[in-house]
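Notes for the one structure printed next.
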Amino acid sequence: DLTAELAAAAAVLATATDVTLLAHVNPDADALGSALALGLALHRRGVVVRVSFGAPAEVPETLRGLDVAGLLVPAGEVPAVPSVLVALDAGSVGRLGALGDRVASTIEAGGQVVVLDHHVSNPGFGTVNVVDDRAEATALVVLRLLDVLGVEIDEPIARCVYAGLVTDTRSFRHAGSDTHRVAARLIDAGVDAEAVARPLMDSHPFGYLNMLASVLGRAVLDREAANGLGLVHAVVTLEDAKGLRPEEVESVVDLIRTAQEAEVAAVLKELRPSTWSVSLRSVSAVDVREVAQLLGGGGHRRAAGFTAKGPAEQVLASIVEALGRS
Ligand code: 5GP
Ligand code: MN
Ligand code: MN
């Protein structure tokens with residue numbers, strides 16, 4: 001059970017001297033905030049710590065400020081055989097991208113792999129698995145672990161946890177009363193909530209507005225899809241995204257999803273010509289994780305995603321088809 005796994009994770013980390021922490025590819029604030037919160041705590045205890053992720057090469061600009069101790073290293077500097085590996089907010093080995101092979105190499109060498117996550121689909125790919133699908137963010141799982149370890153939650157650690165929490169709960173829309181109490185605790189620890197949230201979700205370069213005008217102008221409402229519940233979809237091409245950060249592209253789905261005629265929203269984001277990262281969202285009736293899993297991805301009931309190859313029309317057709325089956 002969760003308490004036993006939490007104790008096992010704490011036991012591994014309490015005696016470790018060298019720990020490698022991995023966030024999922026295209027890390028969001030929950031993945032990187034969780035990794036850095038735990039990383040900062042271990043670093044303070046004298047542990048050799050490195051934090052990394054499989055792709056892209058750049059650290060998202062909005063998250064760089066969380067790394068106050070310089071723990072982030074390029075993927076190329078992650079040891080081939082880490083002694084202790086921690087995977088954060090990754091629902092499967094595949095979500096670690098090019099660094100996924102470190103899971104097998106660590107286990108084969110007799111090392112521990114600690115999985116800290118909140119995806120219901122997580123198979124438990126570590127030697128210790130703290131996977132709580134009722135946690136609104138992996139950052140909450142990390143905070144619980146830090147409490148078991150007896151770590152003092154100072155402002156830099158609290159800020160990392162808060163960043164993950166405010167992002168994955170969409171500004172506490174999806175947060176229960178316990179989670180609001182956690183937020184209060186983090187603010188009491190010194191977090192400037194507005195200063196953390198603003199760059200993460202309320203600040204974009206001016207070019208964002210023109211990109212939106214173009215992308216939203218081409219959005220389509222398909223009322224018949226999802227068994228008549230409706231699908232709204234939009235496509236962000238490399239041309240649309242030119243000169244903008246990944247953060248701007250990621251935020252498009254939060255606008256698309258507001259179309260009240262549609263239960264489901266889909267945004268196709270062009271990664272490379274003919275390769276798309278797809279974001280799926282639902283309001284209440286459709287489990288988009290099931291849809292994403294049919295198409296090779298995963299996620300949560302109301303937010304999921306997958307990667308697909310081919311023309312955009314073909315990817316959209318596959319979504320419509322999968323929605324009809326789910
Ligand atoms: P987003 O749309 O914000 O990129 O992702 C929403 C959620 O869907 C994430 O929290 C993650 O769990 C899941 N997700 C997104 N893309 C993928 C993917 O390519 N594969 C899998 N397995 N899950 C994904
Ligand atoms: Mn995530
Ligand atoms: Mn998460």
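Labeling convention for the structure tokens: chains A, B, ... as they appear, residues from 1 per chain, ligands from 1 in order of appearance.
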Next on the checklist: Neighbouring residues of range 309-319 of chain A were defined as those with any atom within 7 Å, considering only C-alpha atoms; residues of the same chain fewer than 6 positions away were excluded. Please report them as a ChimeraX atom specification.
Outcome noted: /A:274-276
Hey, can you spit out that residue selection with C-alpha atoms as a PDB file, in the first residue's frame?
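out-v9.pdb, freshly written:
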ATOM      1  CA  SER A 274       4.201  15.127 -39.834  1.00  0.00           C
ATOM      2  CA  THR A 275       4.795  14.429 -36.126  1.00  0.00           C
ATOM      3  CA  TRP A 276       2.245  15.712 -33.633  1.00  0.00           C
TER       4      TRP A 276
END
Those in range 285-324 of chain A with helix (DSSP H, G or I) from DSSP, as an NGL selection string: :A and (288-294 or 312-324)
Selected residues written out with C-alpha atoms, as a PDB file, in the first residue's frame:
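And here is the file that came out, part24.pdb:
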ATOM      1  CA  VAL A 288      -9.788  11.152 -22.383  1.00  0.00           C
ATOM      2  CA  ARG A 289      -7.130   8.908 -20.834  1.00  0.00           C
ATOM      3  CA  GLU A 290      -8.940   5.938 -22.395  1.00  0.00           C
ATOM      4  CA  VAL A 291      -8.975   7.717 -25.745  1.00  0.00           C
ATOM      5  CA  ALA A 292      -5.279   8.620 -25.461  1.00  0.00           C
ATOM      6  CA  GLN A 293      -4.412   5.043 -24.488  1.00  0.00           C
ATOM      7  CA  LEU A 294      -6.209   3.705 -27.581  1.00  0.00           C
ATOM      8  CA  ALA A 312      -3.133  16.363 -39.304  1.00  0.00           C
ATOM      9  CA  GLU A 313      -6.404  15.237 -40.957  1.00  0.00           C
ATOM     10  CA  GLN A 314      -5.461  11.615 -40.355  1.00  0.00           C
ATOM     11  CA  VAL A 315      -4.621  12.241 -36.681  1.00  0.00           C
ATOM     12  CA  LEU A 316      -7.947  14.064 -36.225  1.00  0.00           C
ATOM     13  CA  ALA A 317      -9.792  11.190 -37.885  1.00  0.00           C
ATOM     14  CA  SER A 318      -8.131   8.742 -35.479  1.00  0.00           C
ATOM     15  CA  ILE A 319      -9.279  10.871 -32.517  1.00  0.00           C
ATOM     16  CA  VAL A 320     -12.868  10.982 -33.803  1.00  0.00           C
ATOM     17  CA  GLU A 321     -12.763   7.219 -34.346  1.00  0.00           C
ATOM     18  CA  ALA A 322     -11.366   6.536 -30.859  1.00  0.00           C
ATOM     19  CA  LEU A 323     -13.955   8.878 -29.292  1.00  0.00           C
ATOM     20  CA  GLY A 324     -16.675   6.816 -30.938  1.00  0.00           C
TER      21      GLY A 324
END
Exercise: range 158-163 of chain A partners within 9 Å, only C-alpha atoms, chain neighbours under 4 positions left out, as number ranges by chain | A: 29-30, 32-37, 63, 66-67, 138-140, 142-143, 153-154, 167-168, 182-183, 185-187, 189-193, 196-197, 200
With C-alpha atoms kept, could you save the residues just selected as a short mmCIF file (atom, residue, chain, number, x, y, z; two decimals), in the first residue's frame?
data_model
loop_
_atom_site.label_atom_id
_atom_site.label_comp_id
_atom_site.auth_asym_id
_atom_site.auth_seq_id
_atom_site.Cartn_x
_atom_site.Cartn_y
_atom_site.Cartn_z
CA ALA A 29 5.93 22.50 -13.64
CA ASP A 30 4.70 19.37 -11.85
CA LEU A 32 10.30 19.60 -12.83
CA GLY A 33 8.97 21.17 -9.65
CA SER A 34 8.64 17.72 -8.07
CA ALA A 35 12.16 16.71 -9.15
CA LEU A 36 13.70 19.97 -7.93
CA ALA A 37 11.82 19.96 -4.61
CA LEU A 63 10.85 26.83 -14.85
CA LEU A 66 13.11 26.92 -9.58
CA ASP A 67 16.64 25.49 -9.83
CA THR A 138 3.01 14.52 -8.20
CA ALA A 139 4.28 17.48 -6.16
CA LEU A 140 1.87 16.41 -3.40
CA VAL A 142 6.82 14.48 -3.07
CA LEU A 143 5.70 16.73 -0.22
CA ILE A 153 10.04 22.86 3.92
CA ASP A 154 11.88 26.11 3.25
CA THR A 167 -0.25 24.05 -12.65
CA ASP A 168 -1.74 20.56 -12.35
CA VAL A 182 -1.32 22.37 1.53
CA ALA A 183 -1.30 25.57 -0.55
CA ARG A 185 1.14 25.75 4.25
CA LEU A 186 3.38 26.51 1.25
CA ILE A 187 2.44 30.20 1.31
CA ALA A 189 6.58 28.82 4.19
CA GLY A 190 7.25 31.98 2.19
CA VAL A 191 5.98 31.26 -1.33
CA ASP A 192 4.86 34.37 -3.22
CA ALA A 193 1.89 32.69 -4.93
CA VAL A 196 5.06 31.92 -9.04
CA ALA A 197 1.78 31.69 -10.97
CA LEU A 200 3.67 30.04 -15.47
#
- Query: How would you write, as a PyMOL selection string, the set of residues no farther than 9 Å from ligand 1 when counting only C-alpha atoms and all ligand atoms?
  - Reply: chain A and resi 24-26+28+30+89-92+94-95+118-119+121+168+250-251+253+266-267+277-281+288-289+292-293+296-300+302-308
Hey, can you spit out that residue selection with N, CA and C atoms as a short mmCIF file (atom, residue, chain, number, x, y, z; two decimals), in the first residue's frame?
data_model
loop_
_atom_site.label_atom_id
_atom_site.label_comp_id
_atom_site.auth_asym_id
_atom_site.auth_seq_id
_atom_site.Cartn_x
_atom_site.Cartn_y
_atom_site.Cartn_z
N HIS A 24 9.53 13.77 -16.70
CA HIS A 24 9.12 13.28 -18.02
C HIS A 24 9.53 14.26 -19.12
N VAL A 25 9.52 13.76 -20.36
CA VAL A 25 9.89 14.61 -21.50
C VAL A 25 8.95 15.81 -21.60
N ASN A 26 9.46 16.89 -22.21
CA ASN A 26 8.72 18.16 -22.24
C ASN A 26 8.18 18.46 -20.85
N ASP A 28 6.70 19.66 -17.45
CA ASP A 28 5.86 20.75 -17.01
C ASP A 28 6.28 21.12 -15.59
N ASP A 30 4.86 20.45 -12.82
CA ASP A 30 4.70 19.37 -11.85
C ASP A 30 5.90 18.42 -11.91
N ASP A 89 6.49 12.09 -12.01
CA ASP A 89 5.37 12.49 -12.86
C ASP A 89 5.38 11.78 -14.22
N ALA A 90 6.07 10.64 -14.28
CA ALA A 90 6.13 9.86 -15.52
C ALA A 90 5.27 8.61 -15.36
N GLY A 91 4.18 8.53 -16.16
CA GLY A 91 3.24 7.43 -16.03
C GLY A 91 3.73 6.11 -16.59
N SER A 92 4.84 6.18 -17.35
CA SER A 92 5.42 4.96 -17.92
C SER A 92 6.89 5.24 -18.23
N GLY A 94 8.24 4.97 -21.04
CA GLY A 94 8.27 5.71 -22.30
C GLY A 94 8.25 7.21 -22.11
N ARG A 95 7.61 7.68 -21.03
CA ARG A 95 7.52 9.12 -20.78
C ARG A 95 8.87 9.72 -20.37
N HIS A 118 1.36 10.25 -10.10
CA HIS A 118 -0.09 10.28 -9.82
C HIS A 118 -0.92 9.88 -11.04
N HIS A 119 -0.34 9.07 -11.94
CA HIS A 119 -1.10 8.57 -13.09
C HIS A 119 -1.67 7.18 -12.79
N SER A 121 -2.64 4.95 -14.65
CA SER A 121 -2.16 3.92 -15.58
C SER A 121 -0.72 3.48 -15.29
N ASP A 168 -0.94 21.76 -12.12
CA ASP A 168 -1.74 20.56 -12.35
C ASP A 168 -3.18 20.69 -11.86
N GLU A 250 1.75 25.17 -25.51
CA GLU A 250 1.07 24.33 -24.52
C GLU A 250 -0.19 24.98 -23.98
N SER A 251 -0.23 26.28 -23.94
CA SER A 251 -1.37 26.96 -23.31
C SER A 251 -2.57 27.07 -24.24
N VAL A 253 -4.48 24.86 -25.60
CA VAL A 253 -5.60 23.96 -25.27
C VAL A 253 -6.49 24.54 -24.16
N ALA A 266 -9.30 18.95 -28.48
CA ALA A 266 -8.04 18.36 -28.94
C ALA A 266 -7.20 19.44 -29.61
N VAL A 267 -5.92 19.49 -29.25
CA VAL A 267 -4.99 20.40 -29.93
C VAL A 267 -3.81 19.59 -30.45
N SER A 277 2.31 16.21 -31.27
CA SER A 277 2.02 15.95 -29.87
C SER A 277 0.59 16.44 -29.68
N VAL A 278 -0.28 15.56 -29.18
CA VAL A 278 -1.70 15.90 -29.10
C VAL A 278 -2.12 16.04 -27.63
N SER A 279 -2.82 17.14 -27.35
CA SER A 279 -3.40 17.37 -26.01
C SER A 279 -4.89 17.13 -26.08
N LEU A 280 -5.41 16.33 -25.17
CA LEU A 280 -6.85 16.08 -25.10
C LEU A 280 -7.37 16.56 -23.75
N ARG A 281 -8.56 17.17 -23.76
CA ARG A 281 -9.20 17.61 -22.52
C ARG A 281 -10.68 17.27 -22.59
N VAL A 288 -10.73 10.98 -21.27
CA VAL A 288 -9.79 11.15 -22.38
C VAL A 288 -8.53 10.31 -22.22
N ARG A 289 -8.27 9.83 -21.00
CA ARG A 289 -7.13 8.91 -20.83
C ARG A 289 -7.36 7.64 -21.64
N ALA A 292 -6.72 8.47 -25.22
CA ALA A 292 -5.28 8.62 -25.46
C ALA A 292 -4.59 7.26 -25.45
N GLN A 293 -5.04 6.38 -24.56
CA GLN A 293 -4.41 5.04 -24.49
C GLN A 293 -4.69 4.23 -25.75
N GLY A 296 -2.06 5.19 -28.11
CA GLY A 296 -0.66 5.01 -27.72
C GLY A 296 -0.15 5.95 -26.66
N GLY A 297 -1.04 6.76 -26.06
CA GLY A 297 -0.60 7.71 -25.04
C GLY A 297 -1.18 7.38 -23.68
N GLY A 298 -1.41 8.41 -22.89
CA GLY A 298 -1.94 8.21 -21.54
C GLY A 298 -2.29 9.53 -20.90
N GLY A 299 -2.45 9.51 -19.57
CA GLY A 299 -2.76 10.75 -18.86
C GLY A 299 -3.80 10.55 -17.80
N HIS A 300 -4.66 11.55 -17.64
CA HIS A 300 -5.70 11.54 -16.61
C HIS A 300 -7.08 11.58 -17.28
N ARG A 302 -9.46 13.83 -17.27
CA ARG A 302 -9.83 15.11 -17.89
C ARG A 302 -8.69 15.75 -18.69
N ALA A 303 -7.48 15.18 -18.63
CA ALA A 303 -6.33 15.72 -19.38
C ALA A 303 -5.42 14.58 -19.77
N ALA A 304 -5.25 14.40 -21.06
CA ALA A 304 -4.41 13.30 -21.53
C ALA A 304 -3.73 13.71 -22.83
N GLY A 305 -2.89 12.82 -23.35
CA GLY A 305 -2.19 13.15 -24.58
C GLY A 305 -1.54 11.96 -25.22
N PHE A 306 -1.08 12.15 -26.44
CA PHE A 306 -0.35 11.11 -27.15
C PHE A 306 0.46 11.76 -28.27
N THR A 307 1.33 10.97 -28.87
CA THR A 307 2.14 11.44 -30.00
C THR A 307 1.74 10.64 -31.23
N ALA A 308 1.63 11.30 -32.38
CA ALA A 308 1.19 10.60 -33.59
C ALA A 308 1.94 11.10 -34.82
#
Residues within 8 Å of Val93 in chain A, only C-alpha atoms, excluding chain neighbours under 5 positions, as a ChimeraX atom specification: /A:100,103,125
Taken to one decimal, the CA of Glu270 in chain A-CA of Leu221 in chain A distance is 20.0 Å
Applying 10 Å and only C-alpha atoms, which residues near Gly124 in chain A remain after dropping the ones on its own chain fewer than 4 positions away? List them as a PyMOL selection string. chain A and resi 91-93+114-117+128-131
Using DSSP on the backbone, list every residue of range 9-200 of chain A that comes out as strand (DSSP E or B), and give them as a ChimeraX atom specification.
/A:18-23,48-53,72,84-88,112-117,128-131
